[in-house]
Amino acid sequence: MAETNNNFKVTAKLILYSLPLIGILGILFPSIIGKFNLMILSSYLAIPLIVAPIIYMKYSGNKISSIELNDKFLSLFLSFYFICVSLSITILYTFDIRPISYYIVITLMSLTILLEILLFKDSKRNTRIVLAQLMIFVLCILWSVNLKYFYYISRTDPIFHSTAIESLINNAYIIEEVFGQYKPFPLWHILCTFVHHISALNLPTQKTMYLTNGLIYSFIPVITYIVSNKIFKNNKISLISALFVTINPDVISYGMSSISRSVVSFLFLLLIYCLSYASNLKMILVSIILIFPIIIYHPASPPFILSILILISVGEYLYNKSENKKFVTYNYIAMFILINLFYWIYYAELIFEMMIQNIIRESPSGVITGSIIFTPLSELFNYIQYAPLLFFIIIGVLRGLNSDEIPTIGRIFCTVGLISVILAFPGPSLLINKLADLNIERFGQYFYPFISLTAALGFVTMYNRTKKYSKIIIILVFISLTFLSVSNDFVASDNPIVKRPFYTYYLTEQEINSFNTIGAFTSGYIMSDYVTIRYITKTNTPYSDKTHILEVDSVNMHLLKEKDEDVFIIRNSELSKRPLKLYTNTEGVFKLNPTWGSGTKLDYYYNDLKLWENLGSYHKIYDTKNIKAFI
């Protein structure tokens, strides 16, 4: 045990002195090679890397101090919280687009919960109250977007899933033409179909999907609390872990999108919960059973989950040699791999083939890379919520590794939380197109428990070891984290604080009606932007086979078509506030069905370009102000 503690403290010392150096190099290196845009973007990671270790050294030796209020004041906090809930609903009902004031109300709700955790004593009653508030808080964030707008599309994946569910509802069996590559894993669609029938709610299919996933995600803070309490055995840290998970950017994003792999994030958290009871035979059995729904819900997710489990196993090998109980055993990992391979080979060979193709395929030019290179300031502001989160993670891992009170698995979890920053946070991986092509950013939806637990430990460490006015600063940092987490362009594209080159994550009823109207009388191709084409093709409308991505002659700046009957659909309301995502044709000659599925040659075109002035040379055949069609 003494050797294990010493190994952890050596690791802590290495982290303490190496992180500031990495942060300094992260700023200096791009400036030396003349990439000042990358220098600007790297600052959201570099600053916490430099500052957090220094802050830790300054305050780590301080005595613990806390402020506690009488429980009779708790009712005041609860009253304020539910006033905020009522106010948030009123705002959603009153405004067509969520205003900035909505984000402020959400931030006040999270602050209220935080103060309840910090200022009142631990008790079963208070814990249950906070967890209930957190469940409501999650629903307020998720449903304020995907249930408010007519058709929330996230990154267009929900369009297909909604269509597949509707097909199941209408036909009661899986139609291969509709499900395509998702035929081997229809569990999510079956679940939503089941909810549709038993609820008897007259909701559009996509709303049923969002309702179902919202209810599932409302339990994430509860399970996070249980896992954290099992590991840290500290009620306040556990409750703050549950709070941090509700404002995790990936939890919010996947909670809103409500697709198959969204459920796998929840199932992975359940798996962590079961694995934390290594000596309980029933839990071991449940952890084995969980392998099957994880694979069947989304067969492409197990490689990410297995990577994390292997990382934990390596941590246990390095730091936990003397203890017999292991969080995850080699046998369990081997079983997971074998079951997964068996399912891939016999039921989901197409998924396996696609993963191999992604590995060997030539890297795309990539709009992700482009947005980082050409719009670093807007990207920086939309990443900046990760800065305070990283600050708390660094404090948390240093505290965890140096504390003899925290069990070995807790320290390993904290180390995994820090390592996850490399893959789960927007950063170096997004600059490398091959990593983007391999969907490395999906690690964020599985690393979130480790991030939240480590950040919570860091927050409690700083709060406990600072004096009154410094505590206020720590709380203000948390407020900024919450506000930025719910108002950035990744989760609040309806009205972000700062927009980035991307599309709005929803379609209006008028837009969809216009697509249907134009599609019904068009004999040629329906040509439009990426979102419109994705919607029309994935909803399996009668005119889905007539769609074609809108091509731009990037040299002469005009639109290309094959024949006179082809129709351009321009989402004018979207173009007035954001660029449209179109296919860039450098040859000036129309290409029939060009390859663009991986993002290759898709670029954003703003409304101030000459391209849109040239529309006057075409005949306008449809105009609702929001949607225009030309032939």
# chains A, B, ... in the order shown; residues from 1 in each chain; ligands from 1

$ select_by_dssp --residues "segment 44-166 of chain A" --states "alpha helix (DSSP H)" --output "ChimeraX atom specification"
/A:44-59,74-94,100-119,124-146,157-166

$ closest_atom_pairs --of "segment 410-506 of chain A" --to "segment 577-592 of chain A" --cutoff "10 Å" --atoms "only C-alpha atoms" --output "JSON lines"
{"residue": "A:Lys499", "atom": "CA", "partner": "A:Arg578", "partner_atom": "CA", "distance": 8.2}
{"residue": "A:Arg500", "atom": "CA", "partner": "A:Arg578", "partner_atom": "CA", "distance": 8.5}
{"residue": "A:Pro501", "atom": "CA", "partner": "A:Pro579", "partner_atom": "CA", "distance": 6.8}
{"residue": "A:Phe502", "atom": "CA", "partner": "A:Pro579", "partner_atom": "CA", "distance": 7.1}
{"residue": "A:Tyr503", "atom": "CA", "partner": "A:Arg578", "partner_atom": "CA", "distance": 6.5}
{"residue": "A:Thr504", "atom": "CA", "partner": "A:Arg578", "partner_atom": "CA", "distance": 7.7}

$ write_last_selection --atoms "N, CA, C and O atoms" --output "PDB file, in the first residue's frame"
ATOM      1  N   LYS A 499     -21.751  32.948 -32.713  1.00  0.00           N
ATOM      2  CA  LYS A 499     -21.982  31.949 -33.749  1.00  0.00           C
ATOM      3  C   LYS A 499     -20.661  31.493 -34.357  1.00  0.00           C
ATOM      4  O   LYS A 499     -19.687  32.239 -34.396  1.00  0.00           O
ATOM      5  N   ARG A 500     -20.660  30.240 -34.822  1.00  0.00           N
ATOM      6  CA  ARG A 500     -19.529  29.689 -35.543  1.00  0.00           C
ATOM      7  C   ARG A 500     -20.031  29.190 -36.893  1.00  0.00           C
ATOM      8  O   ARG A 500     -21.243  29.081 -37.097  1.00  0.00           O
ATOM      9  N   PRO A 501     -19.124  28.905 -37.831  1.00  0.00           N
ATOM     10  CA  PRO A 501     -19.577  28.430 -39.147  1.00  0.00           C
ATOM     11  C   PRO A 501     -20.239  27.065 -39.025  1.00  0.00           C
ATOM     12  O   PRO A 501     -19.590  26.034 -39.061  1.00  0.00           O
ATOM     13  N   PHE A 502     -21.542  27.077 -38.887  1.00  0.00           N
ATOM     14  CA  PHE A 502     -22.296  25.833 -38.773  1.00  0.00           C
ATOM     15  C   PHE A 502     -23.756  26.153 -39.040  1.00  0.00           C
ATOM     16  O   PHE A 502     -24.147  27.312 -39.151  1.00  0.00           O
ATOM     17  N   TYR A 503     -24.576  25.108 -39.142  1.00  0.00           N
ATOM     18  CA  TYR A 503     -25.994  25.321 -39.434  1.00  0.00           C
ATOM     19  C   TYR A 503     -26.813  25.291 -38.149  1.00  0.00           C
ATOM     20  O   TYR A 503     -26.401  24.745 -37.129  1.00  0.00           O
ATOM     21  N   THR A 504     -28.005  25.886 -38.210  1.00  0.00           N
ATOM     22  CA  THR A 504     -28.928  25.873 -37.078  1.00  0.00           C
ATOM     23  C   THR A 504     -29.459  24.459 -36.901  1.00  0.00           C
ATOM     24  O   THR A 504     -29.781  23.775 -37.875  1.00  0.00           O
TER      25      THR A 504
END

$ residues_around --residues "Ile223 of chain A" --least-positions-apart "6" --cutoff "8 Å" --atoms "only C-alpha atoms" --output "ChimeraX atom specification"
/A:269-270,273

$ atom_distance --atom1 "atom CA of Tyr622 of chain A" --atom2 "atom CA of Tyr525 of chain A"
15.4 Å

$ closest_residue --among "A:Asn248, A:Asn488, A:Asn146, A:Asn382" --to "Ala424 of chain A" --atoms "only C-alpha atoms"
A:Asn248

$ closest_residue --among "A:Asn593, A:Asn7, A:Thr522, A:Asn126" --to "Asp564 of chain A" --atoms "only C-alpha atoms"
A:Thr522
